[in-house]
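> File name work-v1.txt; file contents compact mmCIF, N, CA and C atoms; full text below.
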```
# COMPACT_ATOMS: atom_id res chain seq x y z
N MET A 1 21.66 11.28 -198.89
CA MET A 1 22.50 12.23 -198.24
C MET A 1 22.84 13.35 -199.23
N ILE A 2 22.83 14.57 -198.76
CA ILE A 2 23.19 15.72 -199.58
C ILE A 2 24.64 16.08 -199.31
N LYS A 3 25.41 16.15 -200.38
CA LYS A 3 26.82 16.54 -200.28
C LYS A 3 26.96 17.95 -200.84
N ASN A 4 27.44 18.87 -200.02
CA ASN A 4 27.62 20.25 -200.43
C ASN A 4 29.10 20.47 -200.75
N ASN A 5 29.41 20.61 -202.03
CA ASN A 5 30.78 20.85 -202.46
C ASN A 5 31.04 22.33 -202.77
N VAL A 6 30.13 23.20 -202.36
CA VAL A 6 30.29 24.62 -202.62
C VAL A 6 31.33 25.19 -201.66
N ILE A 7 32.34 25.81 -202.23
CA ILE A 7 33.42 26.40 -201.44
C ILE A 7 33.30 27.92 -201.55
N GLY A 8 33.28 28.58 -200.42
CA GLY A 8 33.20 30.03 -200.42
C GLY A 8 31.80 30.51 -200.72
N LYS A 9 31.64 31.83 -200.72
CA LYS A 9 30.35 32.44 -200.97
C LYS A 9 30.28 32.93 -202.40
N LYS A 10 29.12 32.72 -203.00
CA LYS A 10 28.84 33.20 -204.33
C LYS A 10 27.60 34.09 -204.23
N PHE A 11 27.70 35.35 -204.61
CA PHE A 11 26.57 36.26 -204.51
C PHE A 11 25.96 36.46 -205.89
N VAL A 12 24.64 36.27 -205.95
CA VAL A 12 23.89 36.45 -207.18
C VAL A 12 22.75 37.43 -206.92
N LEU A 13 22.29 38.05 -207.97
CA LEU A 13 21.15 38.94 -207.87
C LEU A 13 19.94 38.15 -208.36
N ALA A 14 19.05 37.80 -207.42
CA ALA A 14 17.91 36.96 -207.78
C ALA A 14 16.79 37.16 -206.78
N ASP A 15 15.59 36.87 -207.20
CA ASP A 15 14.43 36.85 -206.33
C ASP A 15 14.55 35.63 -205.43
N LYS A 16 14.64 35.84 -204.12
CA LYS A 16 14.86 34.75 -203.17
C LYS A 16 13.80 33.66 -203.29
N LEU A 17 12.54 34.04 -203.40
CA LEU A 17 11.46 33.03 -203.49
C LEU A 17 11.58 32.20 -204.76
N ARG A 18 11.89 32.86 -205.89
CA ARG A 18 12.01 32.11 -207.15
C ARG A 18 13.23 31.19 -207.11
N LEU A 19 14.32 31.67 -206.52
CA LEU A 19 15.52 30.84 -206.40
C LEU A 19 15.25 29.62 -205.52
N GLU A 20 14.52 29.82 -204.43
CA GLU A 20 14.13 28.70 -203.57
C GLU A 20 13.24 27.72 -204.33
N GLU A 21 12.31 28.25 -205.12
CA GLU A 21 11.42 27.40 -205.92
C GLU A 21 12.24 26.55 -206.90
N LEU A 22 13.20 27.18 -207.54
CA LEU A 22 14.08 26.49 -208.48
C LEU A 22 14.81 25.33 -207.79
N ILE A 23 15.47 25.64 -206.68
CA ILE A 23 16.25 24.62 -205.96
C ILE A 23 15.33 23.51 -205.45
N ASN A 24 14.17 23.88 -204.90
CA ASN A 24 13.24 22.88 -204.40
C ASN A 24 12.77 21.94 -205.51
N ASN A 25 12.42 22.50 -206.68
CA ASN A 25 11.98 21.65 -207.79
C ASN A 25 13.06 20.66 -208.20
N ILE A 26 14.29 21.13 -208.29
CA ILE A 26 15.37 20.25 -208.71
C ILE A 26 15.63 19.17 -207.66
N PHE A 27 15.68 19.56 -206.37
CA PHE A 27 15.90 18.57 -205.32
C PHE A 27 14.75 17.57 -205.22
N GLU A 28 13.52 18.04 -205.36
CA GLU A 28 12.38 17.12 -205.33
C GLU A 28 12.47 16.09 -206.44
N ASN A 29 12.87 16.52 -207.63
CA ASN A 29 13.05 15.56 -208.73
C ASN A 29 14.18 14.59 -208.43
N SER A 30 15.27 15.09 -207.86
CA SER A 30 16.40 14.21 -207.53
C SER A 30 15.97 13.12 -206.55
N VAL A 31 15.18 13.49 -205.57
CA VAL A 31 14.69 12.51 -204.60
C VAL A 31 13.66 11.58 -205.25
N LYS A 32 12.74 12.15 -206.01
CA LYS A 32 11.66 11.37 -206.63
C LYS A 32 12.22 10.29 -207.56
N TYR A 33 13.28 10.61 -208.27
CA TYR A 33 13.84 9.67 -209.25
C TYR A 33 15.04 8.90 -208.71
N SER A 34 15.19 8.88 -207.40
CA SER A 34 16.26 8.09 -206.79
C SER A 34 15.93 6.61 -206.87
N ASN A 35 16.97 5.81 -206.96
CA ASN A 35 16.77 4.36 -206.98
C ASN A 35 16.32 3.85 -205.61
N ASN A 36 16.74 4.54 -204.57
CA ASN A 36 16.35 4.18 -203.21
C ASN A 36 16.58 5.39 -202.31
N ASN A 37 16.31 5.24 -201.06
CA ASN A 37 16.45 6.37 -200.13
C ASN A 37 17.89 6.66 -199.76
N ASN A 38 18.83 5.84 -200.16
CA ASN A 38 20.22 6.02 -199.78
C ASN A 38 21.05 6.72 -200.85
N THR A 39 20.41 7.30 -201.82
CA THR A 39 21.14 7.95 -202.90
C THR A 39 21.78 9.25 -202.43
N ASP A 40 22.90 9.60 -203.01
CA ASP A 40 23.55 10.87 -202.73
C ASP A 40 23.10 11.91 -203.74
N ILE A 41 22.94 13.12 -203.27
CA ILE A 41 22.68 14.27 -204.12
C ILE A 41 23.80 15.25 -203.84
N THR A 42 24.51 15.65 -204.88
CA THR A 42 25.68 16.50 -204.72
C THR A 42 25.43 17.86 -205.37
N ILE A 43 25.70 18.91 -204.62
CA ILE A 43 25.56 20.27 -205.15
C ILE A 43 26.93 20.92 -205.22
N ASP A 44 27.17 21.61 -206.33
CA ASP A 44 28.43 22.29 -206.54
C ASP A 44 28.14 23.64 -207.18
N ALA A 45 28.97 24.62 -206.93
CA ALA A 45 28.84 25.94 -207.55
C ALA A 45 30.23 26.51 -207.77
N GLN A 46 30.45 26.97 -208.98
CA GLN A 46 31.75 27.53 -209.33
C GLN A 46 31.55 28.82 -210.13
N LYS A 47 32.45 29.74 -209.92
CA LYS A 47 32.43 30.97 -210.69
C LYS A 47 32.97 30.69 -212.09
N GLU A 48 32.23 31.16 -213.10
CA GLU A 48 32.68 31.07 -214.49
C GLU A 48 32.40 32.41 -215.15
N LYS A 49 33.44 33.18 -215.33
CA LYS A 49 33.34 34.55 -215.87
C LYS A 49 32.40 35.36 -215.00
N ASP A 50 31.31 35.86 -215.56
CA ASP A 50 30.37 36.72 -214.82
C ASP A 50 29.19 35.94 -214.26
N TYR A 51 29.32 34.62 -214.18
CA TYR A 51 28.22 33.77 -213.74
C TYR A 51 28.66 32.82 -212.63
N VAL A 52 27.67 32.29 -211.94
CA VAL A 52 27.88 31.15 -211.06
C VAL A 52 27.24 29.97 -211.77
N LYS A 53 28.00 28.91 -211.94
CA LYS A 53 27.49 27.69 -212.55
C LYS A 53 27.23 26.70 -211.42
N VAL A 54 25.98 26.31 -211.30
CA VAL A 54 25.55 25.39 -210.23
C VAL A 54 25.23 24.05 -210.87
N SER A 55 25.62 22.97 -210.18
CA SER A 55 25.22 21.63 -210.62
C SER A 55 24.62 20.89 -209.44
N ILE A 56 23.57 20.16 -209.72
CA ILE A 56 22.92 19.30 -208.73
C ILE A 56 22.86 17.92 -209.37
N LYS A 57 23.60 17.00 -208.79
CA LYS A 57 23.78 15.67 -209.37
C LYS A 57 23.17 14.62 -208.45
N ASP A 58 22.42 13.70 -209.06
CA ASP A 58 21.88 12.59 -208.29
C ASP A 58 22.38 11.27 -208.85
N GLN A 59 22.11 10.21 -208.14
CA GLN A 59 22.50 8.86 -208.56
C GLN A 59 21.26 8.04 -208.87
N GLY A 60 20.23 8.71 -209.37
CA GLY A 60 18.94 8.08 -209.59
C GLY A 60 18.83 7.30 -210.87
N ILE A 61 17.60 7.25 -211.40
CA ILE A 61 17.28 6.37 -212.52
C ILE A 61 17.86 6.85 -213.85
N GLY A 62 18.30 8.10 -213.91
CA GLY A 62 18.90 8.62 -215.14
C GLY A 62 17.87 8.84 -216.24
N MET A 63 18.36 9.26 -217.40
CA MET A 63 17.49 9.55 -218.54
C MET A 63 18.16 9.15 -219.84
N THR A 64 17.33 8.84 -220.80
CA THR A 64 17.81 8.59 -222.15
C THR A 64 18.05 9.94 -222.83
N LYS A 65 18.74 9.92 -223.96
CA LYS A 65 18.96 11.16 -224.71
C LYS A 65 17.63 11.79 -225.13
N ASN A 66 16.67 10.97 -225.50
CA ASN A 66 15.37 11.47 -225.91
C ASN A 66 14.65 12.14 -224.73
N GLN A 67 14.72 11.55 -223.56
CA GLN A 67 14.10 12.15 -222.38
C GLN A 67 14.74 13.49 -222.05
N VAL A 68 16.06 13.58 -222.15
CA VAL A 68 16.77 14.83 -221.88
C VAL A 68 16.27 15.93 -222.81
N LYS A 69 16.02 15.60 -224.08
CA LYS A 69 15.54 16.58 -225.06
C LYS A 69 14.21 17.21 -224.66
N HIS A 70 13.37 16.46 -223.95
CA HIS A 70 12.00 16.89 -223.66
C HIS A 70 11.79 17.38 -222.23
N VAL A 71 12.78 17.30 -221.39
CA VAL A 71 12.61 17.51 -219.95
C VAL A 71 12.05 18.89 -219.59
N PHE A 72 12.26 19.91 -220.42
CA PHE A 72 11.77 21.25 -220.10
C PHE A 72 10.42 21.56 -220.75
N GLU A 73 9.82 20.58 -221.43
CA GLU A 73 8.52 20.79 -222.06
C GLU A 73 7.42 20.74 -221.00
N GLU A 74 6.40 21.58 -221.19
CA GLU A 74 5.26 21.58 -220.27
C GLU A 74 4.60 20.21 -220.23
N PHE A 75 4.27 19.77 -219.03
CA PHE A 75 3.56 18.53 -218.75
C PHE A 75 4.35 17.26 -219.05
N TYR A 76 5.61 17.39 -219.41
CA TYR A 76 6.43 16.22 -219.70
C TYR A 76 6.83 15.54 -218.40
N LYS A 77 6.64 14.23 -218.36
CA LYS A 77 7.04 13.44 -217.19
C LYS A 77 7.98 12.35 -217.68
N VAL A 78 9.17 12.33 -217.13
CA VAL A 78 10.18 11.37 -217.56
C VAL A 78 9.69 9.95 -217.34
N ASP A 79 9.11 9.68 -216.18
CA ASP A 79 8.64 8.34 -215.86
C ASP A 79 7.28 8.48 -215.19
N SER A 80 6.23 8.51 -215.99
CA SER A 80 4.90 8.77 -215.45
C SER A 80 4.45 7.71 -214.46
N SER A 81 5.00 6.51 -214.52
CA SER A 81 4.61 5.46 -213.59
C SER A 81 5.06 5.76 -212.16
N ARG A 82 6.03 6.64 -211.98
CA ARG A 82 6.54 6.97 -210.65
C ARG A 82 5.90 8.21 -210.05
N HIS A 83 5.02 8.86 -210.80
CA HIS A 83 4.40 10.09 -210.32
C HIS A 83 3.08 9.80 -209.62
N ASP A 84 2.80 10.56 -208.60
CA ASP A 84 1.48 10.51 -208.01
C ASP A 84 0.59 11.49 -208.76
N SER A 85 -0.68 11.50 -208.45
CA SER A 85 -1.61 12.35 -209.20
C SER A 85 -1.37 13.83 -208.95
N ASP A 86 -0.59 14.20 -207.94
CA ASP A 86 -0.31 15.60 -207.66
C ASP A 86 0.73 16.20 -208.60
N SER A 87 1.47 15.38 -209.31
CA SER A 87 2.52 15.87 -210.19
C SER A 87 1.92 16.42 -211.48
N THR A 88 2.32 17.64 -211.83
CA THR A 88 1.78 18.28 -213.04
C THR A 88 2.69 18.14 -214.24
N GLY A 89 3.96 17.81 -214.02
CA GLY A 89 4.91 17.79 -215.13
C GLY A 89 5.36 19.19 -215.51
N LEU A 90 5.22 20.14 -214.60
CA LEU A 90 5.59 21.53 -214.88
C LEU A 90 6.85 21.98 -214.15
N GLY A 91 7.37 21.18 -213.25
CA GLY A 91 8.49 21.59 -212.41
C GLY A 91 9.70 22.08 -213.18
N MET A 92 10.15 21.33 -214.16
CA MET A 92 11.34 21.72 -214.91
C MET A 92 11.05 22.86 -215.88
N THR A 93 9.82 22.95 -216.35
CA THR A 93 9.42 24.08 -217.18
C THR A 93 9.50 25.37 -216.36
N ILE A 94 9.01 25.30 -215.13
CA ILE A 94 9.08 26.45 -214.23
C ILE A 94 10.54 26.82 -213.95
N CYS A 95 11.38 25.81 -213.71
CA CYS A 95 12.81 26.06 -213.48
C CYS A 95 13.43 26.80 -214.66
N LYS A 96 13.11 26.37 -215.86
CA LYS A 96 13.66 27.02 -217.05
C LYS A 96 13.23 28.47 -217.14
N ARG A 97 11.97 28.73 -216.85
CA ARG A 97 11.47 30.11 -216.92
C ARG A 97 12.12 30.99 -215.86
N ILE A 98 12.32 30.45 -214.67
CA ILE A 98 12.98 31.21 -213.60
C ILE A 98 14.39 31.60 -214.04
N ILE A 99 15.14 30.62 -214.54
CA ILE A 99 16.52 30.87 -214.95
C ILE A 99 16.59 31.85 -216.12
N GLU A 100 15.69 31.71 -217.08
CA GLU A 100 15.68 32.63 -218.21
C GLU A 100 15.39 34.05 -217.77
N ARG A 101 14.51 34.23 -216.79
CA ARG A 101 14.21 35.58 -216.27
C ARG A 101 15.41 36.18 -215.56
N LEU A 102 16.29 35.32 -215.07
CA LEU A 102 17.51 35.78 -214.40
C LEU A 102 18.67 35.94 -215.38
N ASP A 103 18.38 35.76 -216.67
CA ASP A 103 19.39 35.86 -217.72
C ASP A 103 20.45 34.77 -217.60
N GLY A 104 20.04 33.61 -217.14
CA GLY A 104 20.93 32.46 -217.03
C GLY A 104 20.54 31.38 -218.02
N LYS A 105 21.15 30.24 -217.86
CA LYS A 105 20.87 29.07 -218.71
C LYS A 105 20.68 27.86 -217.80
N ILE A 106 19.91 26.88 -218.28
CA ILE A 106 19.71 25.64 -217.55
C ILE A 106 19.75 24.49 -218.55
N TRP A 107 20.38 23.39 -218.15
CA TRP A 107 20.43 22.21 -219.01
C TRP A 107 20.59 20.96 -218.15
N VAL A 108 20.37 19.82 -218.79
CA VAL A 108 20.40 18.53 -218.11
C VAL A 108 21.38 17.61 -218.83
N GLU A 109 22.11 16.84 -218.05
CA GLU A 109 22.98 15.81 -218.61
C GLU A 109 22.73 14.50 -217.86
N SER A 110 22.73 13.41 -218.61
CA SER A 110 22.61 12.08 -218.03
C SER A 110 23.37 11.12 -218.93
N GLN A 111 24.08 10.20 -218.33
CA GLN A 111 24.83 9.20 -219.09
C GLN A 111 23.94 8.03 -219.51
N GLY A 112 22.66 8.08 -219.15
CA GLY A 112 21.73 7.04 -219.55
C GLY A 112 20.97 6.47 -218.36
N LEU A 113 20.11 5.53 -218.68
CA LEU A 113 19.28 4.93 -217.64
C LEU A 113 20.14 4.25 -216.57
N GLY A 114 19.77 4.50 -215.32
CA GLY A 114 20.49 3.90 -214.20
C GLY A 114 21.78 4.61 -213.83
N LYS A 115 22.08 5.73 -214.50
CA LYS A 115 23.36 6.40 -214.28
C LYS A 115 23.23 7.81 -213.71
N GLY A 116 22.06 8.14 -213.18
CA GLY A 116 21.88 9.43 -212.54
C GLY A 116 21.69 10.57 -213.53
N THR A 117 21.43 11.73 -212.96
CA THR A 117 21.16 12.93 -213.75
C THR A 117 21.83 14.11 -213.08
N THR A 118 22.32 15.05 -213.88
CA THR A 118 22.86 16.29 -213.36
C THR A 118 22.13 17.45 -214.01
N ILE A 119 21.62 18.34 -213.16
CA ILE A 119 20.99 19.58 -213.64
C ILE A 119 22.01 20.69 -213.43
N PHE A 120 22.28 21.44 -214.48
CA PHE A 120 23.19 22.58 -214.43
C PHE A 120 22.39 23.84 -214.67
N PHE A 121 22.78 24.92 -214.00
CA PHE A 121 22.23 26.22 -214.35
C PHE A 121 23.24 27.30 -214.02
N THR A 122 23.11 28.41 -214.72
CA THR A 122 23.96 29.56 -214.47
C THR A 122 23.10 30.74 -214.05
N ILE A 123 23.67 31.55 -213.16
CA ILE A 123 23.04 32.78 -212.71
C ILE A 123 24.13 33.85 -212.71
N PRO A 124 23.79 35.05 -213.19
CA PRO A 124 24.80 36.12 -213.17
C PRO A 124 25.27 36.41 -211.74
N LEU A 125 26.56 36.61 -211.60
CA LEU A 125 27.12 37.04 -210.32
C LEU A 125 26.61 38.44 -210.01
N TYR A 126 26.48 38.72 -208.75
CA TYR A 126 26.05 40.05 -208.32
C TYR A 126 27.18 41.06 -208.49
N SER A 127 26.83 42.19 -209.02
CA SER A 127 27.71 43.36 -209.00
C SER A 127 26.79 44.57 -209.02
N LYS A 128 27.29 45.70 -208.69
CA LYS A 128 26.44 46.89 -208.66
C LYS A 128 25.90 47.24 -210.05
N ASP A 129 26.50 46.71 -211.11
CA ASP A 129 26.05 46.97 -212.46
C ASP A 129 25.16 45.87 -213.03
N THR A 130 24.90 44.82 -212.25
CA THR A 130 24.12 43.68 -212.74
C THR A 130 22.69 44.09 -213.03
N LYS A 131 22.21 43.71 -214.20
CA LYS A 131 20.82 43.92 -214.58
C LYS A 131 20.21 42.57 -214.91
N ILE A 132 19.02 42.30 -214.36
CA ILE A 132 18.34 41.04 -214.68
C ILE A 132 16.94 41.33 -215.18
N GLY A 133 16.32 40.28 -215.70
CA GLY A 133 14.93 40.37 -216.10
C GLY A 133 14.72 41.15 -217.39
N LYS A 134 15.64 40.98 -218.34
CA LYS A 134 15.51 41.69 -219.62
C LYS A 134 14.31 41.20 -220.41
N LYS A 135 13.87 39.98 -220.13
CA LYS A 135 12.81 39.38 -220.93
C LYS A 135 11.45 39.69 -220.36
```
Please go through the file and, once you have read it, give me the structure as structure tokens.

Amino acid sequence: MIKNNVIGKKFVLADKLRLEELINNIFENSVKYSNNNNTDITIDAQKEKDYVKVSIKDQGIGMTKNQVKHVFEEFYKVDSSRHDSDSTGLGMTICKRIIERLDGKIWVESQGLGKGTTIFFTIPLYSKDTKIGKK
């Protein structure tokens, strides 16, 4: 079940397709690494200064500190035994590149194996003076 804890509207300046790709990659991972089909996935977004901070939290298999360190590396798979042959190990790398192009940040937190994972990212809030894609 997806729990939406987002209150109010948050406007960001972003490429709609890339933002959809980002969200889809994160949700697909949350589902893929779920302990079962009954896991909750919770999304939250809060304004922090000139950014929106988004979190997507699952109750899945979680990660070790070492896995968290490598999650954004190309071709890295947290649990290769759970992947089908279609998985490239590029999803989180792509997410990082999308967020960096938007002048945001992305990071992962997990309390350990069996304790779920939370993906956080920030995107600049929209304003008429907002500039993105400096890189």
> Neighbours of A:Ile94 within 8 Å (all atoms listed in the file; same-chain residues fewer than 6 positions away dropped), as a PDB file with N, CA and C atoms, keeping the file's coordinate frame?

```pdb
ATOM      1  N   GLU A  21      12.310  28.250-205.120  1.00  0.00           N
ATOM      2  CA  GLU A  21      11.420  27.400-205.920  1.00  0.00           C
ATOM      3  C   GLU A  21      12.240  26.550-206.900  1.00  0.00           C
ATOM      4  N   LEU A  22      13.200  27.180-207.540  1.00  0.00           N
ATOM      5  CA  LEU A  22      14.080  26.490-208.480  1.00  0.00           C
ATOM      6  C   LEU A  22      14.810  25.330-207.790  1.00  0.00           C
ATOM      7  N   PHE A  72      12.260  19.910-220.420  1.00  0.00           N
ATOM      8  CA  PHE A  72      11.770  21.250-220.100  1.00  0.00           C
ATOM      9  C   PHE A  72      10.420  21.560-220.750  1.00  0.00           C
ATOM     10  N   GLU A  73       9.820  20.580-221.430  1.00  0.00           N
ATOM     11  CA  GLU A  73       8.520  20.790-222.060  1.00  0.00           C
ATOM     12  C   GLU A  73       7.420  20.740-221.000  1.00  0.00           C
ATOM     13  N   GLU A  74       6.400  21.580-221.190  1.00  0.00           N
ATOM     14  CA  GLU A  74       5.260  21.580-220.270  1.00  0.00           C
ATOM     15  C   GLU A  74       4.600  20.210-220.230  1.00  0.00           C
ATOM     16  N   GLU A 100      15.690  31.710-217.080  1.00  0.00           N
ATOM     17  CA  GLU A 100      15.680  32.630-218.210  1.00  0.00           C
ATOM     18  C   GLU A 100      15.390  34.050-217.770  1.00  0.00           C
TER      19      GLU A 100
END
```
> Write down as a PDB file with N, CA and C atoms, keeping the file's coordinate frame the residues belonging to stretch 23-102 of chain A that are assigned strand (DSSP E) by DSSP computed on the backbone.

```pdb
ATOM      1  N   ILE A  41      22.940  13.120-203.270  1.00  0.00           N
ATOM      2  CA  ILE A  41      22.680  14.270-204.120  1.00  0.00           C
ATOM      3  C   ILE A  41      23.800  15.250-203.840  1.00  0.00           C
ATOM      4  N   THR A  42      24.510  15.650-204.880  1.00  0.00           N
ATOM      5  CA  THR A  42      25.680  16.500-204.720  1.00  0.00           C
ATOM      6  C   THR A  42      25.430  17.860-205.370  1.00  0.00           C
ATOM      7  N   ILE A  43      25.700  18.910-204.620  1.00  0.00           N
ATOM      8  CA  ILE A  43      25.560  20.270-205.150  1.00  0.00           C
ATOM      9  C   ILE A  43      26.930  20.920-205.220  1.00  0.00           C
ATOM     10  N   ASP A  44      27.170  21.610-206.330  1.00  0.00           N
ATOM     11  CA  ASP A  44      28.430  22.290-206.540  1.00  0.00           C
ATOM     12  C   ASP A  44      28.140  23.640-207.180  1.00  0.00           C
ATOM     13  N   ALA A  45      28.970  24.620-206.930  1.00  0.00           N
ATOM     14  CA  ALA A  45      28.840  25.940-207.550  1.00  0.00           C
ATOM     15  C   ALA A  45      30.230  26.510-207.770  1.00  0.00           C
ATOM     16  N   GLN A  46      30.450  26.970-208.980  1.00  0.00           N
ATOM     17  CA  GLN A  46      31.750  27.530-209.330  1.00  0.00           C
ATOM     18  C   GLN A  46      31.550  28.820-210.130  1.00  0.00           C
ATOM     19  N   LYS A  47      32.450  29.740-209.920  1.00  0.00           N
ATOM     20  CA  LYS A  47      32.430  30.970-210.690  1.00  0.00           C
ATOM     21  C   LYS A  47      32.970  30.690-212.090  1.00  0.00           C
ATOM     22  N   GLU A  48      32.230  31.160-213.100  1.00  0.00           N
ATOM     23  CA  GLU A  48      32.680  31.070-214.490  1.00  0.00           C
ATOM     24  C   GLU A  48      32.400  32.410-215.150  1.00  0.00           C
ATOM     25  N   TYR A  51      29.320  34.620-214.180  1.00  0.00           N
ATOM     26  CA  TYR A  51      28.220  33.770-213.740  1.00  0.00           C
ATOM     27  C   TYR A  51      28.660  32.820-212.630  1.00  0.00           C
ATOM     28  N   VAL A  52      27.670  32.290-211.940  1.00  0.00           N
ATOM     29  CA  VAL A  52      27.880  31.150-211.060  1.00  0.00           C
ATOM     30  C   VAL A  52      27.240  29.970-211.770  1.00  0.00           C
ATOM     31  N   LYS A  53      28.000  28.910-211.940  1.00  0.00           N
ATOM     32  CA  LYS A  53      27.490  27.690-212.550  1.00  0.00           C
ATOM     33  C   LYS A  53      27.230  26.700-211.420  1.00  0.00           C
ATOM     34  N   VAL A  54      25.980  26.310-211.300  1.00  0.00           N
ATOM     35  CA  VAL A  54      25.550  25.390-210.230  1.00  0.00           C
ATOM     36  C   VAL A  54      25.230  24.050-210.870  1.00  0.00           C
ATOM     37  N   SER A  55      25.620  22.970-210.180  1.00  0.00           N
ATOM     38  CA  SER A  55      25.220  21.630-210.620  1.00  0.00           C
ATOM     39  C   SER A  55      24.620  20.890-209.440  1.00  0.00           C
ATOM     40  N   ILE A  56      23.570  20.160-209.720  1.00  0.00           N
ATOM     41  CA  ILE A  56      22.920  19.300-208.730  1.00  0.00           C
ATOM     42  C   ILE A  56      22.860  17.920-209.370  1.00  0.00           C
ATOM     43  N   LYS A  57      23.600  17.000-208.790  1.00  0.00           N
ATOM     44  CA  LYS A  57      23.780  15.670-209.370  1.00  0.00           C
ATOM     45  C   LYS A  57      23.170  14.620-208.450  1.00  0.00           C
ATOM     46  N   ASP A  58      22.420  13.700-209.060  1.00  0.00           N
ATOM     47  CA  ASP A  58      21.880  12.590-208.290  1.00  0.00           C
ATOM     48  C   ASP A  58      22.380  11.270-208.850  1.00  0.00           C
TER      49      ASP A  58
END
```
> Please identify all polymer residues within 6 Å of A:Gly114, counting all atoms listed in the file, omitting same-chain residues fewer than 5 positions from it, and present them as a count of residues only.
4
> Between A:Lys65, A:Met92, A:Val71, A:Lys77, single out the one closest to A:Gln111, counting all atoms listed in the file.
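Checking each of A:Lys65, A:Met92, A:Val71, A:Lys77 against A:Gln111, counting all atoms listed in the file, the winner is A:Lys65.
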> Taking only chain A into account, list the residues labelled alpha helix (DSSP H) by DSSP (computed from the backbone), as JSON, numbers by chain.
{"A": [16, 17, 18, 19, 20, 21, 22, 23, 24, 25, 26, 27, 28, 29, 30, 31, 32, 65, 66, 67, 68, 69, 70, 91, 92, 93, 94, 95, 96, 97, 98, 99, 100, 101]}
> Rounded to one decimal, what separation in Å do you get between atom CA of A:Pro124 and atom CA of A:Lys47?
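Atom-to-atom, atom CA of A:Pro124 to atom CA of A:Lys47, that is 9.5 Å.
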> So how far away is atom CA of A:Thr122 from atom CA of A:Leu102, in Å?
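Computed distance, atom CA of A:Leu102 to atom CA of A:Thr122, equals 9.0 Å.
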> Grab the atom CA of A:Ile106 to atom CA of A:Asn4 distance for me, in Å with one decimal place.
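The value is 19.6 Å.
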> Counting only C-alpha atoms, figure out which residue out of A:Thr42, A:Thr117, A:Ile2, A:Gln67 gets nearest to A:Asn29.
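Once distances to A:Asn29 are computed over only C-alpha atoms, the minimum belongs to A:Thr117.
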> Under the rule that only N, CA and C atoms are counted, which of A:Ser34, A:Thr118, A:Glu20, A:Ile123 is the nearest residue to A:Ile99?
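That would be A:Ile123, the residue with the smallest distance to A:Ile99.
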> Determine the nearest neighbour of A:Asn66 from the options A:Ile26, A:Ile41, A:Leu113, A:Leu90, counting only C-alpha atoms.
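Between A:Ile26, A:Ile41, A:Leu113, A:Leu90, the residue approaching A:Asn66 most closely is A:Leu113.
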> Which residues are close to stretch 43-45 of chain A, i.e. within 9 Å by only C-alpha atoms, leaving aside same-chain residues fewer than 6 positions away? Reply as an MDAnalysis selection string.
chainID A and resid 2:7 10 52:57
> Using only C-alpha atoms, pick whichever of A:Lys69, A:Lys32, A:Lys9, A:Lys16 has the shortest atom-to-atom distance to A:Ile98.
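The closest residue to A:Ile98 is A:Lys16.
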> Around (20.2, 16.9, -219.9), as given in the file, which residues come within 6.5 Å? Count only N, CA and C atoms and list them as a list in words.
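Here the neighbourhood of the point contains Val68, Lys69, Trp107, Val108, Glu109, Ser110 and Thr118 of chain A.
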